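Structure below is start_30.txt: compact mmCIF, C-alpha atoms.
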# COMPACT_ATOMS: atom_id res chain seq x y z
CA MET T 1 207.46 -144.32 16.97
CA ASN T 2 205.19 -141.34 16.54
CA ASP T 3 206.37 -137.81 15.68
CA LEU T 4 206.38 -136.64 19.29
CA GLU T 5 208.50 -139.58 20.47
CA MET T 6 210.93 -139.08 17.60
CA ARG T 7 211.24 -135.33 18.20
CA LEU T 8 211.88 -135.75 21.91
CA ALA T 9 214.42 -138.59 21.49
CA ILE T 10 216.45 -136.72 18.86
CA ALA T 11 216.26 -133.47 20.82
CA GLU T 12 217.63 -135.22 23.90
CA VAL T 13 220.64 -136.50 21.96
CA CYS T 14 221.22 -133.05 20.44
CA GLY T 15 221.25 -131.42 23.87
CA TRP T 16 217.90 -129.60 23.81
CA THR T 17 216.42 -128.75 27.21
CA CYS T 18 212.80 -127.89 27.97
CA LEU T 19 212.41 -124.53 29.69
CA ASP T 20 208.66 -124.93 30.27
CA ALA T 21 207.97 -126.17 33.80
CA ARG T 22 204.47 -127.13 32.70
CA PHE T 23 205.74 -129.79 30.25
CA MET T 24 203.15 -132.54 29.87
CA THR T 25 203.38 -135.78 27.92
CA GLY T 26 201.61 -135.50 24.58
CA ARG T 27 202.26 -131.79 24.19
CA ILE T 28 205.37 -130.06 22.89
CA PRO T 29 206.10 -126.97 25.00
CA ASP T 30 207.03 -123.75 23.21
CA SER T 31 210.18 -122.96 25.15
CA TRP T 32 213.34 -125.01 24.43
CA THR T 33 217.04 -124.25 24.40
CA ASP T 34 220.09 -125.96 22.98
CA GLY T 35 222.36 -123.78 25.10
CA SER T 36 222.76 -121.01 22.55
CA ARG T 37 219.23 -120.21 21.40
CA HIS T 38 215.61 -120.44 22.52
CA GLN T 39 212.97 -121.66 20.09
CA ASP T 40 210.33 -124.26 19.35
CA LEU T 41 211.59 -127.84 19.28
CA PRO T 42 212.71 -128.78 15.73
CA ASP T 43 210.30 -131.02 13.80
CA TYR T 44 212.86 -133.67 12.89
CA PRO T 45 210.51 -136.22 11.23
CA ASN T 46 209.01 -133.57 8.91
CA ASP T 47 211.83 -131.10 8.27
CA LEU T 48 214.85 -132.13 6.18
CA ASN T 49 216.84 -129.12 7.38
CA ALA T 50 216.23 -129.97 11.05
CA ILE T 51 217.23 -133.65 10.74
CA HIS T 52 220.26 -132.67 8.63
CA GLU T 53 221.39 -130.24 11.34
CA ALA T 54 220.88 -132.93 14.00
CA ALA T 55 222.96 -135.45 12.05
CA MET T 56 225.68 -132.89 11.34
CA SER T 57 225.98 -132.19 15.07
CA GLN T 58 226.93 -135.80 15.74
CA GLY T 59 230.12 -136.01 13.69
CA LEU T 60 231.38 -137.79 10.59
CA LEU T 61 231.48 -141.36 11.94
CA PHE T 62 227.89 -141.04 13.14
CA ARG T 63 226.77 -139.77 9.73
CA MET T 64 228.58 -142.63 7.98
CA LYS T 65 226.86 -145.18 10.21
CA MET T 66 223.53 -143.42 9.69
CA ALA T 67 224.04 -143.57 5.91
CA ASP T 68 224.74 -147.31 6.16
CA ILE T 69 221.53 -147.80 8.13
CA LEU T 70 219.56 -145.74 5.61
CA ALA T 71 220.98 -147.85 2.78
CA SER T 72 219.97 -151.04 4.60
CA MET T 73 216.37 -149.90 5.15
CA GLN T 74 214.18 -151.67 2.60
CA GLY T 75 213.01 -149.44 -0.22
CA VAL T 76 215.02 -146.39 0.88
CA ASP T 77 217.45 -144.64 -1.45
CA PRO T 78 219.69 -142.65 0.94
CA ALA T 79 220.03 -139.78 -1.53
CA PHE T 80 216.25 -139.34 -1.66
CA ALA T 81 215.31 -140.33 1.91
CA THR T 82 212.53 -138.35 3.52
CA ALA T 83 212.95 -136.49 6.80
CA ARG T 84 211.00 -139.29 8.55
CA GLN T 85 213.30 -141.98 7.10
CA ARG T 86 216.36 -139.99 8.13
CA ALA T 87 214.95 -139.48 11.63
CA GLU T 88 214.35 -143.23 11.91
CA ALA T 89 217.91 -143.95 10.76
CA PHE T 90 219.21 -141.38 13.27
CA LEU T 91 217.38 -143.14 16.10
CA ARG T 92 218.46 -146.60 14.90
CA THR T 93 222.06 -145.37 14.85
CA ILE T 94 221.91 -144.44 18.54
CA GLY T 95 219.86 -147.51 19.49
CA LYS T 96 216.73 -145.58 20.49
CA TRP T 97 214.36 -146.66 17.71
CA LYS T 98 211.20 -148.39 18.97
CA GLU T 99 208.91 -150.35 16.67
Could you write out this file's structure as structure tokens?
Amino acid sequence: MNDLEMRLAIAEVCGWTCLDARFMTGRIPDSWTDGSRHQDLPDYPNDLNAIHEAAMSQGLLFRMKMADILASMQGVDPAFATARQRAEAFLRTIGKWKE
């Protein structure tokens, strides 16, 4: 999956909604909301804080399963996983990862 696909899939699970009626595939609109704030869509595959917040919003059992998936990914040490690796594990945990 590319960055755009990953960002949109994780945002959907986290409850983000696009407020830009001109939304077009291949472009990230500037106006999003998660119900309590309006901002740019988080850059989950490149921002450790953003993917951490996304994982924290899903609960303890989700994070435990995500950690198991991270540990099973070849060459990935869960303690030192990059934002991209964590985003992939997040999407694998919810069954939305596409090769």
(message) Can you tell me which residues surround T:Leu70 at a distance of at most 12 Å, considering only C-alpha atoms, apart from same-chain residues fewer than 3 positions away, and format the answer as an MDAnalysis selection string?
(response) chainID T and resid 63:67 73:93
(request) Pick out the residues sitting within 10 Å of T:Trp32, and hand them over as an MDAnalysis selection string; count all atoms listed in the file, and ignore anything fewer than 6 positions along from it in its own chain. (result) chainID T and resid 11 16:20 38:42
(request) Can you work out which one of T:Leu60, T:Cys14, T:Leu8, T:Ile69 has the shortest atom-to-atom distance to T:Gly35, counting all atoms listed in the file? (result)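 Closest residue, counting all atoms listed in the file: T:Cys14.
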(request) Kindly give the distance, in Å, that separates atom CA of T:Ser31 and atom CA of T:Glu12, rounded to a single decimal. (result)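 That distance, rounded to one decimal, is 14.4 Å.
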(request) Would you mind reading off the distance between atom CA of T:Ala50 and atom CA of T:Glu99, one decimal, in Å? (result)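 So the answer is 22.4 Å.
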(message) Restricting the calculation to all atoms listed in the file: of T:Gly95, T:Met6, T:Val13, T:Ala71, which residue gets closest to T:Tyr44?
(response)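 The answer is T:Met6, which sits nearest to T:Tyr44.
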(message) One number please: atom CA of T:Lys98 to atom CA of T:Ile51, in Å, one decimal.
(response)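 Atom CA of T:Ile51 lies 17.9 Å from atom CA of T:Lys98.
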(request) May I ask which of the residues T:Gly59, T:Asp47, T:Gly15, T:Asn2 is the closest one to T:Thr33, counting all atoms listed in the file? (result) T:Gly15
(request) Considering all atoms listed in the file, state which residue in the set T:Arg37, T:Ile94, T:Leu48, T:Asp43 is at the smallest distance from T:Phe62. (result) T:Ile94
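Distances here use all atoms listed in the file; by that measure, the residue among T:Asp68, T:Trp97, T:Leu61, T:Ser36 closest to T:Ile10 is T:Trp97.
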Can you put N, CA and C atoms back into stretch 28-47 of chain T and show it as a short mmCIF file (atom, residue, chain, number, x, y, z; two decimals), in the frame of the given file?
data_model
loop_
_atom_site.label_atom_id
_atom_site.label_comp_id
_atom_site.auth_asym_id
_atom_site.auth_seq_id
_atom_site.Cartn_x
_atom_site.Cartn_y
_atom_site.Cartn_z
N ILE T 28 204.04 -130.63 23.04
CA ILE T 28 205.37 -130.06 22.89
C ILE T 28 205.33 -128.63 23.43
N PRO T 29 206.06 -128.34 24.50
CA PRO T 29 206.10 -126.97 25.00
C PRO T 29 206.77 -126.03 23.99
N ASP T 30 206.51 -124.74 24.14
CA ASP T 30 207.03 -123.75 23.21
C ASP T 30 208.45 -123.31 23.53
N SER T 31 208.92 -123.55 24.72
CA SER T 31 210.18 -122.96 25.15
C SER T 31 211.26 -124.03 25.34
N TRP T 32 212.23 -124.05 24.41
CA TRP T 32 213.34 -125.01 24.43
C TRP T 32 214.64 -124.25 24.21
N THR T 33 215.73 -124.84 24.66
CA THR T 33 217.04 -124.25 24.40
C THR T 33 218.04 -125.36 24.09
N ASP T 34 218.98 -125.04 23.24
CA ASP T 34 220.09 -125.96 22.98
C ASP T 34 221.37 -125.38 23.57
N GLY T 35 221.22 -124.41 24.45
CA GLY T 35 222.36 -123.78 25.10
C GLY T 35 222.75 -122.45 24.48
N SER T 36 222.38 -122.26 23.21
CA SER T 36 222.76 -121.01 22.55
C SER T 36 221.56 -120.23 22.02
N ARG T 37 220.41 -120.89 21.93
CA ARG T 37 219.23 -120.21 21.40
C ARG T 37 217.97 -120.79 22.04
N HIS T 38 216.92 -120.02 22.02
CA HIS T 38 215.61 -120.44 22.52
C HIS T 38 214.65 -120.46 21.35
N GLN T 39 213.92 -121.55 21.20
CA GLN T 39 212.97 -121.66 20.09
C GLN T 39 212.08 -122.86 20.30
N ASP T 40 211.16 -123.05 19.34
CA ASP T 40 210.33 -124.26 19.35
C ASP T 40 211.23 -125.46 19.06
N LEU T 41 210.84 -126.61 19.53
CA LEU T 41 211.59 -127.84 19.28
C LEU T 41 211.56 -128.15 17.78
N PRO T 42 212.70 -128.45 17.17
CA PRO T 42 212.71 -128.78 15.73
C PRO T 42 211.80 -129.98 15.42
N ASP T 43 211.21 -129.96 14.24
CA ASP T 43 210.30 -131.02 13.80
C ASP T 43 211.08 -132.02 12.94
N TYR T 44 211.95 -132.77 13.59
CA TYR T 44 212.86 -133.67 12.89
C TYR T 44 212.20 -134.62 11.89
N PRO T 45 211.08 -135.27 12.19
CA PRO T 45 210.51 -136.22 11.23
C PRO T 45 209.87 -135.57 10.00
N ASN T 46 209.69 -134.25 10.02
CA ASN T 46 209.01 -133.57 8.91
C ASN T 46 209.81 -132.44 8.28
N ASP T 47 211.03 -132.23 8.74
CA ASP T 47 211.83 -131.10 8.27
C ASP T 47 213.24 -131.59 7.92
#
